[in-house]
Every structure is written in C-alpha cells, then in structure tokens.
file my_file11.cif (mmCIF, C-alpha atoms)
data_protein
#
loop_
_atom_site.label_atom_id
_atom_site.label_comp_id
_atom_site.auth_asym_id
_atom_site.auth_seq_id
_atom_site.Cartn_x
_atom_site.Cartn_y
_atom_site.Cartn_z
CA MET A 1 100.51 234.88 92.81
CA LYS A 2 98.61 237.18 90.47
CA ARG A 3 101.30 236.82 87.78
CA ALA A 4 101.29 233.05 88.14
CA ARG A 5 97.52 232.94 87.83
CA GLN A 6 97.62 235.00 84.66
CA LYS A 7 100.21 232.58 83.23
CA VAL A 8 97.95 229.61 83.86
CA LEU A 9 95.04 231.34 82.23
CA VAL A 10 97.12 232.10 79.15
CA GLU A 11 98.34 228.51 78.85
CA ASN A 12 94.78 227.12 79.11
CA GLU A 13 93.22 229.66 76.82
CA VAL A 14 91.20 228.03 74.04
CA PRO A 15 92.25 229.22 70.55
CA GLN A 16 89.68 231.12 68.53
CA THR A 17 87.95 228.83 66.02
CA SER A 18 85.20 229.24 63.52
CA GLN A 19 81.66 228.18 64.35
CA LYS A 20 82.00 225.34 61.83
CA SER A 21 85.12 223.95 63.55
CA LYS A 22 83.36 223.97 66.93
CA LYS A 23 80.51 221.93 65.50
CA GLN A 24 82.91 219.42 63.97
CA LYS A 25 84.73 219.03 67.26
CA THR A 26 81.45 218.50 69.07
CA CYS A 27 80.51 215.71 66.66
CA LEU A 28 83.91 214.07 66.98
CA TYR A 29 84.28 214.11 70.74
CA GLY A 30 80.70 214.52 71.96
CA SER A 31 80.12 210.80 72.48
CA VAL A 32 83.38 210.39 74.43
CA PHE A 33 83.63 213.50 76.59
CA GLY A 34 81.04 215.39 78.59
CA GLU A 35 79.90 218.81 77.42
CA SER A 36 82.22 220.49 79.92
CA ASP A 37 85.25 218.72 78.44
CA LEU A 38 84.73 219.70 74.82
CA HIS A 39 87.10 222.67 75.07
CA ALA A 40 89.80 220.79 77.01
CA SER A 41 92.88 219.89 75.00
CA VAL A 42 93.58 216.11 74.84
CA ASN A 43 97.18 215.11 74.28
CA TRP A 44 96.73 211.50 73.21
CA GLY A 45 100.45 210.97 72.85
CA SER A 46 101.06 211.67 76.55
CA LEU A 47 98.44 209.24 77.90
CA PRO A 48 99.87 206.82 80.48
CA HIS A 49 101.32 203.63 79.06
CA HIS A 50 98.77 201.35 80.74
CA VAL A 51 95.86 203.46 79.48
CA ILE A 52 96.96 203.20 75.84
CA LEU A 53 97.51 199.47 76.28
CA ARG A 54 93.99 199.09 77.66
CA ILE A 55 92.54 201.06 74.72
CA PHE A 56 94.41 198.84 72.26
CA GLN A 57 92.97 195.74 73.92
CA PHE A 58 89.43 196.93 73.13
CA LEU A 59 90.14 197.91 69.53
CA PRO A 60 89.33 195.59 66.62
CA LEU A 61 92.48 194.29 64.97
CA VAL A 62 92.24 196.55 61.92
CA ASP A 63 91.79 199.69 64.06
CA ARG A 64 94.60 198.59 66.35
CA ALA A 65 96.95 198.25 63.37
CA ARG A 66 95.95 201.69 62.08
CA ALA A 67 96.43 203.24 65.51
CA SER A 68 99.96 201.81 65.64
CA SER A 69 100.95 204.15 62.80
CA VAL A 70 100.00 207.32 64.73
CA CYS A 71 103.38 207.67 66.41
CA ARG A 72 106.44 205.70 67.49
CA ARG A 73 105.20 205.27 71.05
CA TRP A 74 101.89 203.79 69.92
CA ASN A 75 103.74 201.48 67.55
CA GLU A 76 105.87 200.22 70.44
CA ILE A 77 102.74 199.53 72.48
CA PHE A 78 101.24 197.72 69.47
CA HIS A 79 104.03 195.13 69.81
CA ILE A 80 103.80 194.58 73.56
CA PRO A 81 103.53 190.79 74.19
CA ASP A 82 100.37 191.16 76.32
CA LEU A 83 98.44 192.29 73.24
CA TRP A 84 99.28 189.07 71.40
CA ARG A 85 98.46 186.45 74.01
CA ARG A 86 94.96 186.03 72.49
CA PHE A 87 94.49 186.13 68.73
CA GLU A 88 91.95 184.93 66.16
CA PHE A 89 93.15 184.42 62.61
CA GLU A 90 90.30 185.06 60.16
CA LEU A 91 90.93 183.47 56.79
CA SER A 92 88.54 183.79 53.86
CA GLN A 93 88.35 184.19 50.11
CA PRO A 94 86.85 187.60 49.18
CA ALA A 95 84.92 186.19 46.23
CA THR A 96 83.05 183.57 48.29
CA SER A 97 82.87 184.83 51.87
CA TYR A 98 81.46 187.68 53.93
CA LEU A 99 84.21 187.29 56.55
CA LYS A 100 86.93 189.88 56.91
CA SER A 101 90.29 188.27 56.44
CA THR A 102 93.38 189.00 58.53
CA HIS A 103 95.81 190.86 56.26
CA PRO A 104 98.71 188.65 55.02
CA ASP A 105 101.30 191.27 56.02
CA LEU A 106 99.96 191.32 59.55
CA ILE A 107 100.02 187.51 59.68
CA GLN A 108 103.69 187.50 58.72
CA GLN A 109 104.44 190.19 61.27
CA ILE A 110 102.75 188.11 63.98
CA ILE A 111 104.66 184.97 63.00
CA LYS A 112 107.95 186.88 62.94
CA ARG A 113 107.57 188.93 66.12
CA HIS A 114 104.87 187.33 68.26
CA ALA A 115 104.76 183.56 67.64
CA ASP A 116 106.25 182.93 71.08
CA HIS A 117 103.69 185.27 72.72
CA LEU A 118 100.59 183.52 71.37
CA GLN A 119 98.75 181.55 74.04
CA TYR A 120 95.03 181.55 73.15
CA VAL A 121 94.71 181.04 69.41
CA SER A 122 91.82 180.24 67.09
CA PHE A 123 91.50 179.98 63.33
CA LYS A 124 88.16 180.94 61.79
CA VAL A 125 87.92 179.87 58.15
CA ASP A 126 85.19 180.04 55.52
CA SER A 127 84.03 177.13 53.36
CA SER A 128 86.93 177.28 50.90
CA THR A 129 89.75 174.75 50.87
CA GLU A 130 92.23 177.59 50.26
CA SER A 131 91.39 179.18 53.61
CA ALA A 132 91.81 175.90 55.47
CA GLU A 133 95.15 175.30 53.76
CA ALA A 134 96.24 178.83 54.69
CA ALA A 135 95.45 178.04 58.33
CA CYS A 136 97.62 174.92 58.10
CA ASP A 137 100.44 176.97 56.58
CA ILE A 138 100.32 179.37 59.55
CA LEU A 139 100.29 176.49 62.04
CA SER A 140 103.36 175.05 60.33
CA GLN A 141 105.28 178.25 61.08
CA LEU A 142 104.54 178.42 64.81
CA VAL A 143 107.76 176.66 65.76
CA ASN A 144 108.45 178.90 68.77
CA CYS A 145 104.93 178.86 70.15
CA SER A 146 103.72 178.28 73.69
CA ILE A 147 100.01 177.92 72.91
CA LYS A 148 97.63 176.92 75.70
CA THR A 149 94.33 176.84 73.81
CA LEU A 150 93.81 176.08 70.13
CA GLY A 151 90.56 176.19 68.14
CA LEU A 152 89.95 175.40 64.48
CA ILE A 153 86.54 176.71 63.44
CA SER A 154 84.78 176.28 60.09
CA THR A 155 82.05 178.90 59.76
CA ALA A 156 80.20 177.04 57.00
CA LYS A 157 80.84 173.53 55.71
CA PRO A 158 83.88 171.84 57.34
CA SER A 159 86.59 173.07 54.97
CA PHE A 160 89.44 171.46 56.97
CA MET A 161 88.13 168.08 55.76
CA ASN A 162 89.20 169.05 52.23
CA VAL A 163 92.85 169.48 53.26
CA SER A 164 95.05 166.45 52.75
CA LYS A 165 95.44 164.42 55.92
CA ALA A 166 99.26 164.58 55.61
CA HIS A 167 99.28 168.37 55.32
CA PHE A 168 96.90 168.80 58.26
CA ALA A 169 98.73 166.33 60.49
CA SER A 170 102.11 167.91 59.70
CA ALA A 171 100.85 171.40 60.59
CA LEU A 172 99.19 170.27 63.79
CA THR A 173 102.26 168.29 64.84
CA VAL A 174 104.33 171.50 64.85
CA VAL A 175 102.05 172.97 67.51
CA PHE A 176 101.71 169.72 69.46
CA VAL A 177 105.48 169.26 69.64
CA ASN A 178 106.52 172.83 70.34
CA SER A 179 103.82 174.08 72.69
CA LYS A 180 104.19 171.48 75.45
CA SER A 181 101.54 173.36 77.46
CA LEU A 182 98.30 172.77 75.55
CA SER A 183 95.34 172.64 77.91
CA SER A 184 92.34 173.18 75.62
CA ILE A 185 91.87 171.97 72.04
CA LYS A 186 88.78 172.27 69.82
CA ILE A 187 89.32 170.57 66.48
CA ASP A 188 85.89 169.34 65.35
CA ASP A 189 85.35 168.38 61.70
CA THR A 190 89.02 167.90 60.86
CA PRO A 191 91.19 165.08 59.42
CA LEU A 192 92.82 164.53 62.82
CA ASP A 193 94.17 160.96 63.10
CA ASP A 194 95.54 158.55 65.71
CA PRO A 195 99.26 159.31 65.09
CA SER A 196 98.54 163.02 65.66
CA LEU A 197 96.81 162.22 68.95
CA LYS A 198 99.84 160.19 70.05
CA VAL A 199 102.09 163.20 69.36
CA LEU A 200 99.69 165.39 71.33
CA VAL A 201 99.76 163.02 74.29
CA ALA A 202 103.52 162.55 74.19
CA ASN A 203 104.12 166.28 74.56
CA ASN A 204 101.11 167.62 76.49
CA SER A 205 99.79 164.79 78.68
CA ASP A 206 100.40 166.74 81.91
CA THR A 207 98.56 169.88 80.76
CA LEU A 208 95.64 168.75 78.56
CA LYS A 209 92.29 169.41 80.26
CA LEU A 210 89.78 169.86 77.42
CA LEU A 211 89.58 168.01 74.10
CA LYS A 212 86.73 168.52 71.61
CA MET A 213 87.05 166.41 68.48
CA SER A 214 83.60 165.48 67.20
CA SER A 215 83.33 164.43 63.54
CA CYS A 216 86.94 163.41 63.12
CA PRO A 217 86.50 160.25 61.02
CA HIS A 218 90.20 159.27 61.03
CA VAL A 219 90.30 158.92 64.83
CA SER A 220 89.64 155.41 66.12
CA PRO A 221 88.56 154.23 69.58
CA ALA A 222 92.18 153.17 70.13
CA GLY A 223 93.36 156.73 69.49
CA ILE A 224 91.05 158.33 72.03
CA LEU A 225 91.77 155.53 74.50
CA CYS A 226 95.44 156.54 74.29
CA VAL A 227 94.40 160.05 75.37
CA ALA A 228 92.31 158.74 78.25
CA ASP A 229 95.09 156.43 79.44
CA GLN A 230 97.75 159.14 79.64
CA CYS A 231 96.06 162.54 80.07
CA HIS A 232 95.07 162.15 83.70
CA GLY A 233 94.10 165.80 84.12
CA LEU A 234 91.39 165.64 81.45
CA LYS A 235 88.22 167.41 82.64
CA GLU A 236 86.16 167.77 79.47
CA LEU A 237 85.88 165.50 76.45
CA ALA A 238 83.68 165.80 73.35
CA LEU A 239 83.52 163.04 70.74
CA ASN A 240 81.29 160.99 68.47
CA TYR A 241 79.42 158.02 69.85
CA TYR A 242 81.25 155.54 67.60
CA ILE A 243 84.46 156.29 69.56
CA LEU A 244 82.78 155.79 72.92
CA SER A 245 83.46 152.38 74.46
CA ASP A 246 83.35 150.50 77.73
CA GLU A 247 87.17 150.54 77.78
CA LEU A 248 87.23 154.33 77.41
CA LEU A 249 84.78 154.90 80.27
CA LEU A 250 86.75 152.56 82.51
CA ALA A 251 89.99 154.35 81.62
CA LEU A 252 88.42 157.68 82.56
CA SER A 253 87.32 156.08 85.84
CA SER A 254 90.78 154.96 86.96
CA GLU A 255 92.28 156.27 90.19
CA LYS A 256 94.91 158.20 88.24
CA HIS A 257 92.28 160.44 86.64
CA VAL A 258 90.92 163.65 88.09
CA ASP A 259 87.14 163.91 88.19
CA LEU A 260 85.72 164.36 84.70
CA GLU A 261 83.40 167.38 84.56
CA HIS A 262 81.84 167.12 81.09
CA LEU A 263 81.47 164.28 78.60
CA ARG A 264 79.78 165.45 75.39
CA ILE A 265 78.67 162.84 72.87
CA ASP A 266 77.33 163.39 69.34
CA VAL A 267 75.13 160.53 68.12
CA VAL A 268 74.79 161.17 64.40
CA SER A 269 73.52 159.17 61.44
CA GLU A 270 73.49 160.39 57.87
CA ASN A 271 72.04 157.29 56.20
CA PRO A 272 68.83 155.96 57.77
CA GLY A 273 68.91 152.29 58.59
CA GLN A 274 72.54 151.77 57.57
CA VAL A 275 74.13 152.36 60.96
CA GLU A 276 73.91 149.97 63.89
CA PHE A 277 74.91 151.54 67.18
CA HIS A 278 76.66 149.57 69.87
CA THR A 279 75.50 149.50 73.48
CA ILE A 280 77.53 150.74 76.45
CA LYS A 281 77.25 148.50 79.52
CA LYS A 282 75.61 149.82 82.65
CA GLN A 283 78.68 148.77 84.69
CA SER A 284 80.87 151.11 82.62
CA TRP A 285 78.54 154.07 83.14
CA ASP A 286 78.34 153.26 86.86
CA ALA A 287 82.14 153.21 87.14
CA LEU A 288 82.40 156.67 85.57
CA VAL A 289 79.75 158.19 87.85
CA LYS A 290 81.25 156.55 90.92
CA HIS A 291 84.64 158.08 90.08
CA SER A 292 83.21 161.46 88.92
CA PRO A 293 79.85 161.84 90.72
CA LYS A 294 79.23 165.38 89.43
CA VAL A 295 80.03 164.66 85.77
CA ASN A 296 77.67 166.13 83.18
CA ILE A 297 76.99 163.62 80.41
CA VAL A 298 75.57 165.48 77.43
CA MET A 299 74.19 163.63 74.40
CA TYR A 300 73.14 165.21 71.10
CA PHE A 301 70.99 162.89 68.96
CA PHE A 302 70.56 163.28 65.21
CA LEU A 303 69.07 159.87 64.40
CA TYR A 304 66.14 158.45 62.51
CA GLU A 305 63.42 156.77 64.55
CA GLU A 306 64.45 153.21 63.71
CA GLU A 307 68.02 153.80 64.90
CA PHE A 308 67.28 154.43 68.60
CA ASP A 309 67.02 150.79 69.57
CA ALA A 310 70.44 150.56 71.27
CA PHE A 311 69.85 153.49 73.65
CA PHE A 312 68.36 153.74 77.15
CA ARG A 313 67.39 150.08 77.41
CA GLU A 314 68.79 150.19 80.94
CA GLU A 315 69.74 152.92 83.38
CA THR A 316 72.00 155.55 81.81
CA PRO A 317 73.47 158.49 83.80
CA VAL A 318 72.91 161.09 81.06
CA THR A 319 72.23 164.62 82.36
CA HIS A 320 71.46 166.62 79.21
CA LEU A 321 69.57 165.26 76.18
CA TYR A 322 69.00 167.07 72.89
CA PHE A 323 67.03 165.46 70.05
CA GLY A 324 67.53 167.23 66.73
CA ARG A 325 65.13 164.94 64.85
CA ALA A 326 61.82 163.27 65.67
CA VAL A 327 61.86 160.85 68.59
CA SER A 328 59.16 158.30 69.35
CA LYS A 329 56.83 158.08 72.37
CA ALA A 330 58.46 154.76 73.23
CA MET A 331 61.90 156.37 73.35
CA LEU A 332 60.68 159.18 75.60
CA GLY A 333 59.09 156.56 77.83
CA ARG A 334 62.46 154.81 78.17
CA ILE A 335 64.08 158.11 79.10
CA GLY A 336 61.54 158.55 81.89
CA MET A 337 62.32 155.07 83.20
CA ASN A 338 66.11 154.95 82.81
CA CYS A 339 67.58 158.49 83.08
CA PRO A 340 67.30 159.45 86.77
CA ARG A 341 70.13 162.04 86.55
CA LEU A 342 68.43 164.00 83.74
CA ILE A 343 68.72 167.79 84.14
CA GLU A 344 67.71 169.09 80.71
CA LEU A 345 65.60 167.65 77.90
CA VAL A 346 65.00 169.25 74.49
CA VAL A 347 62.82 167.49 71.91
CA CYS A 348 62.76 169.00 68.43
CA ALA A 349 59.84 166.90 67.17
CA ASN A 350 57.72 163.89 67.99
CA GLY A 351 54.58 163.42 66.01
CA LEU A 352 50.85 163.71 66.47
CA GLN A 353 50.45 161.58 69.60
CA PRO A 354 50.13 163.47 72.91
CA LEU A 355 53.11 162.98 75.24
CA ASP A 356 51.20 163.42 78.53
CA ASP A 357 52.13 160.04 80.06
CA GLU A 358 55.77 160.31 79.01
CA LEU A 359 56.20 163.80 80.48
CA ILE A 360 54.52 162.79 83.74
CA ARG A 361 56.82 159.77 84.03
CA ILE A 362 59.85 162.01 83.42
CA ALA A 363 58.63 164.41 86.13
CA GLU A 364 58.16 161.52 88.57
CA ARG A 365 61.52 159.83 88.10
CA CYS A 366 63.87 162.62 86.96
CA LYS A 367 64.09 164.55 90.22
CA ASN A 368 66.92 166.78 88.94
CA LEU A 369 65.08 168.03 85.84
CA THR A 370 65.31 171.84 85.66
CA ALA A 371 65.01 172.59 81.92
CA MET A 372 62.57 171.42 79.26
CA GLY A 373 62.02 172.40 75.63
CA LEU A 374 59.43 171.00 73.20
CA GLY A 375 59.19 171.81 69.51
CA GLU A 376 56.88 170.04 67.06
CA CYS A 377 55.12 167.82 69.61
CA GLU A 378 51.67 167.57 71.17
CA VAL A 379 50.69 167.75 74.85
CA THR A 380 47.22 168.33 76.30
CA CYS A 381 46.87 171.36 78.53
CA ARG A 382 45.81 169.13 81.45
CA GLY A 383 48.81 166.84 80.96
CA PHE A 384 51.19 169.77 80.71
CA ILE A 385 49.87 171.38 83.88
CA GLU A 386 50.24 168.06 85.71
CA PHE A 387 53.86 167.84 84.53
CA VAL A 388 54.61 171.38 85.73
CA LYS A 389 52.84 170.78 89.03
CA MET A 390 55.04 167.73 89.71
CA CYS A 391 58.26 169.56 88.81
CA GLY A 392 57.33 172.74 90.64
CA GLY A 393 59.67 175.70 90.98
CA ARG A 394 62.77 173.68 90.06
CA LEU A 395 61.94 174.21 86.36
CA THR A 396 64.15 177.22 85.73
CA GLN A 397 63.79 176.94 81.94
CA LEU A 398 60.55 175.96 80.22
CA SER A 399 60.32 176.63 76.50
CA ILE A 400 57.14 175.26 74.89
CA MET A 401 55.69 176.38 71.58
CA GLU A 402 52.05 177.44 71.80
CA GLU A 403 51.25 175.08 68.90
CA VAL A 404 52.34 172.13 71.08
CA LEU A 405 49.54 172.63 73.61
CA ILE A 406 46.11 171.09 72.95
CA PRO A 407 43.23 172.87 74.73
CA ASP A 408 40.74 170.59 76.52
CA ASN A 409 37.49 170.89 78.43
CA ASP A 410 39.27 171.94 81.64
CA TYR A 411 41.93 174.35 80.41
CA SER A 412 42.10 176.94 77.67
CA LEU A 413 45.39 178.51 76.65
CA ASP A 414 44.45 181.68 78.55
CA ARG A 415 43.89 179.78 81.77
CA LEU A 416 46.91 177.56 81.16
CA HIS A 417 49.51 180.32 81.49
CA LEU A 418 47.99 181.38 84.82
CA GLU A 419 48.09 177.81 86.21
CA VAL A 420 51.64 177.19 84.99
CA SER A 421 52.81 180.55 86.36
CA LYS A 422 51.33 179.67 89.75
CA HIS A 423 53.22 176.37 89.99
CA LEU A 424 56.49 177.83 88.66
CA GLY A 425 56.34 180.78 91.03
CA ARG A 426 56.91 183.26 88.21
CA MET A 427 55.09 184.63 85.18
CA TRP A 428 55.19 182.23 82.24
CA PHE A 429 53.81 182.26 78.69
CA PRO A 430 54.24 179.70 75.90
CA ASP A 431 56.55 180.62 73.05
CA MET A 432 54.85 181.89 69.90
CA MET A 433 55.80 181.11 66.33
CA PRO A 434 57.09 184.24 64.54
CA THR A 435 54.82 185.53 61.80
CA TRP A 436 57.65 186.34 59.41
#
call {"tool": "encode", "arguments": {"input": "my_file11.cif", "output": "structure tokens"}}
result
Amino acid sequence: MKRARQKVLVENEVPQTSQKSKKQKTCLYGSVFGESDLHASVNWGSLPHHVILRIFQFLPLVDRARASSVCRRWNEIFHIPDLWRRFEFELSQPATSYLKSTHPDLIQQIIKRHADHLQYVSFKVDSSTESAEAACDILSQLVNCSIKTLGLISTAKPSFMNVSKAHFASALTVVFVNSKSLSSIKIDDTPLDDPSLKVLVANNSDTLKLLKMSSCPHVSPAGILCVADQCHGLKELALNYYILSDELLLALSSEKHVDLEHLRIDVVSENPGQVEFHTIKKQSWDALVKHSPKVNIVMYFFLYEEEFDAFFREETPVTHLYFGRAVSKAMLGRIGMNCPRLIELVVCANGLQPLDDELIRIAERCKNLTAMGLGECEVTCRGFIEFVKMCGGRLTQLSIMEEVLIPDNDYSLDRLHLEVSKHLGRMWFPDMMPTW
C-alpha cells in the first residue's frame, strides 16, 4: 500500500516551473477553474465525447472552426450532424459592412458535407446586392436539404429586393421543392411571387405553420389565398394589409383549418394621400374570431392622418395596436368604441390636444387592456389617474413619457406617481427623456 501511494504521488507531482509561468497559467485558467484546480493537469483531448460536443455548441462559428484543427478527434466532432442542425449564414461586403462574413471555404464545406443536416437556417445579409445574390447562390445548392425553418434577414435596407425576381424565385424553389418539411418561413422584403408560393404549398402544405411575408410586392391576394386554402395547419401569418381580404379571413375560418394563433398586419403608406385602403367586413372578422377565439390580431400602422378613414368604423377584433406616426383624437375615439378585444396600445404621437376622454373611453370598453405606451402626446394628470384607476392592476405595462403629462391644480408630477402606484399595486414612475 505504501509503494502504491508513493506511485500515485509521483504521477500527480506538479513539474517545477518558473514564477513567470505560474502567473501566465493563472491568467489563462483563472476564470475557468477554481484556485484549487490551477495545478491540476487538464487533458482536453480525453474529455468525454458529449462534453466536447456541448462546448462546441456554445462556441462562435469562427472559434469552433479553429478548435476543429486542434486534433483529429475534435475535427470529427466538428462534423457531427447535431452541430449543423441550426446555422446562420452571415454574408457581407467588407468595404461596406460591419458584419462578420461566414468564410467562403466554410460555406462550401457546409454545402458539401452538411446540406442534408441543416434544419433551422437563416441568412443575414447587409445592404449590398452582392450579399443577397450570394445568399441566393447558397440556397440554389441546397438540393439535399431537409430544412424546417428558413429566415432571410436584411440588416439594413432590403437588399433582396435588388436581386432579379427570376434568380430569387429559382433559388427559393430549390428549398421549397426539396425540403418537404418547412414549418416556419420568414421572408419579409423579398421579391417572392405567386408562382413561388404555389410551389411552397404544393410541397409543404401539411407542415407549414408560420409564414411571415410582409413587404413582398409581387405577392397578390390570390397568392396568399392559395396558402390559406391548402395549408390547414397554419398558426401564424404576417402580411401587408393590401393582401388582406374578406375571402382570406373566411378561408382561414373554414372547418379544415386549425385555430389561428397570430395574424400580424402591416398597414403602410409611403405617399400621403395616394393610397386608398379597402375595408374588411365585420362578418369576416367575426367568422375568424368564432373559429379561432384566442387569435391575436396585431396591426402596425404607418399612415398619415388623412389615410385612417377606412379603419375601425365598426367593431374590429384587433388585440394589439401600434401607431408609428401621429394618430388623431377621432381615431383614438373610434378605437375606444370599436376594439373591445384590445390588449395593447402604443401611440407614437398625437398632437397638442389632451387625450383624457379617449383614454377613459378605452379603459371603459377595452376590458382586456393590459399594456399602454404613449409617446409625443398630451394627457392631464387628472385624466391619466382616472384612466389608471379604471384599469387597475391589470395594467402590467405602462410606459408614459414624463413630457406627456400635464400638471393641473389637483395633481403635480410628484403626487401623480404616488397615485398611479397605488392603483397599479406597484411602484411606478413616468419614463424620462434621456439627456444625451
């Protein structure tokens, strides 16, 4: 036993090192190991397979690629299919972008060895047409793919719009035809067209659950209606208002469809006064809510004041409303009268007329309201406190700029936060404008 113990001590003996080496080792390993472990030898090559795999999963792509060159075993783990189920291609031009770009050699290695392993894929491109075209070239080579989610993301201006429609459609068709298991697609601001949607539906109608395709000017109402008619498992849909129609809502309300969970609608106008928006019938909205009673209907408005005439003239089952431009008192009054399902309201700007009456009407009729945000608007302190009092503790989010609130004879800003906090059941302060 004594001899064996001496042998163990010899094997674990720490080699003599200079004081400088000890300091270097402390700096290198101090943040990873405790002080008691600094003198323990770490054989990284003999770590269990699943541990190395887990480490690789946390590494950024560049570091993962570098680590794969440490030894043959690490290189083998680098190519395990589980590491390539989720991948984001970053494509940029060094002269015009701050993004790091995925190395071309690595892209070719992925296409050659891991195309059939990719399941959750996104392409992040900068504002250059070259980067968008490079993304299309990669898509065109994914002939053995089994992708489940696909995202095309422009980090600045929508560069995919500069790619020829034929090139884009051809690249996307490769994925649509070969995947046959697509469940989630986000392709906003792209030259997607109706024929491409028909290919998507023909090959993925049983699996498609989420489709986001706002700002796709080549898609017509007929194209999205084709999706609604055949993709009966669709749970989330995001589109522009010009595509929305009574026929589409009725198609989504058919007995064949599962309950829709989210309908996101962008209402956008670039040229004031040149766009006339159609009206959706109340019966169509009612049919959708009857079929999918828990559906969230989210509308993002970027309109000029004179363009709101077609909206909220009668009851509309919208749940979340975001106004990115100024909206009139009259419009907010209509929301209070005709949006009983409203959960969240965010108003970027209004004007110089206090919104007391409109907020009180919203509090009275919108019994589900839990979140409110006001930007460049005006509300008297008394009116705001009355609004909060009526909503009570159900207001889980309340973001109001201090500049919005107008002190009156009854309430100063100091007293206001105490009154509001009392009715909310938690401490609350108005937001303050940054000084920088």
call {"tool": "atom_distance", "arguments": {"input": "my_file11.cif", "atom1": "atom CA of Ser253 of chain A", "atom2": "atom CA of Lys209 of chain A"}}
result
15.3 Å
call {"tool": "resolve_selection", "arguments": {"input": "my_file11.cif", "expression": "the PyMOL selection byres ((chain A and resi 392-405) around 7)", "output": "PyMOL selection string"}}
result
chain A and resi 369-381+388-391+406-407+423-425+430-432
call {"tool": "write_last_selection", "arguments": {"input": "my_file11.cif", "atoms": "C-alpha atoms", "output": "short mmCIF file (atom, residue, chain, number, x, y, z; two decimals), keeping the file's coordinate frame"}}
result
data_model
loop_
_atom_site.label_atom_id
_atom_site.label_comp_id
_atom_site.auth_asym_id
_atom_site.auth_seq_id
_atom_site.Cartn_x
_atom_site.Cartn_y
_atom_site.Cartn_z
CA LEU A 369 65.08 168.03 85.84
CA THR A 370 65.31 171.84 85.66
CA ALA A 371 65.01 172.59 81.92
CA MET A 372 62.57 171.42 79.26
CA GLY A 373 62.02 172.40 75.63
CA LEU A 374 59.43 171.00 73.20
CA GLY A 375 59.19 171.81 69.51
CA GLU A 376 56.88 170.04 67.06
CA CYS A 377 55.12 167.82 69.61
CA GLU A 378 51.67 167.57 71.17
CA VAL A 379 50.69 167.75 74.85
CA THR A 380 47.22 168.33 76.30
CA CYS A 381 46.87 171.36 78.53
CA VAL A 388 54.61 171.38 85.73
CA LYS A 389 52.84 170.78 89.03
CA MET A 390 55.04 167.73 89.71
CA CYS A 391 58.26 169.56 88.81
CA ILE A 406 46.11 171.09 72.95
CA PRO A 407 43.23 172.87 74.73
CA HIS A 423 53.22 176.37 89.99
CA LEU A 424 56.49 177.83 88.66
CA GLY A 425 56.34 180.78 91.03
CA PRO A 430 54.24 179.70 75.90
CA ASP A 431 56.55 180.62 73.05
CA MET A 432 54.85 181.89 69.90
#
call {"tool": "resolve_selection", "arguments": {"input": "my_file11.cif", "expression": "the PyMOL selection byres ((chain A and resi 173-190) around 9)", "output": "ChimeraX atom specification"}}
result
/A:119,122,139-154,158-163,165,168-172,191-193,196-197,199-218,234,238-239
call {"tool": "atom_distance", "arguments": {"input": "my_file11.cif", "atom1": "atom CA of Thr279 of chain A", "atom2": "atom CA of Glu236 of chain A"}}
result
22.0 Å
call {"tool": "resolve_selection", "arguments": {"input": "my_file11.cif", "expression": "the PyMOL selection byres ((chain A and resi 328) around 12)", "output": "number ranges by chain"}}
result
A: 303-309, 323, 325-327, 329-335, 347-355, 358, 377
call {"tool": "atom_distance", "arguments": {"input": "my_file11.cif", "atom1": "atom CA of Asn296 of chain A", "atom2": "atom CA of Glu364 of chain A"}}
result
20.8 Å
call {"tool": "residues_around", "arguments": {"input": "my_file11.cif", "residues": "Pro48 of chain A", "least_positions_apart": "5", "cutoff": "12 Å", "atoms": "only C-alpha atoms", "output": "MDAnalysis selection string"}}
result
chainID A and resid 43 53:55 73:74 77
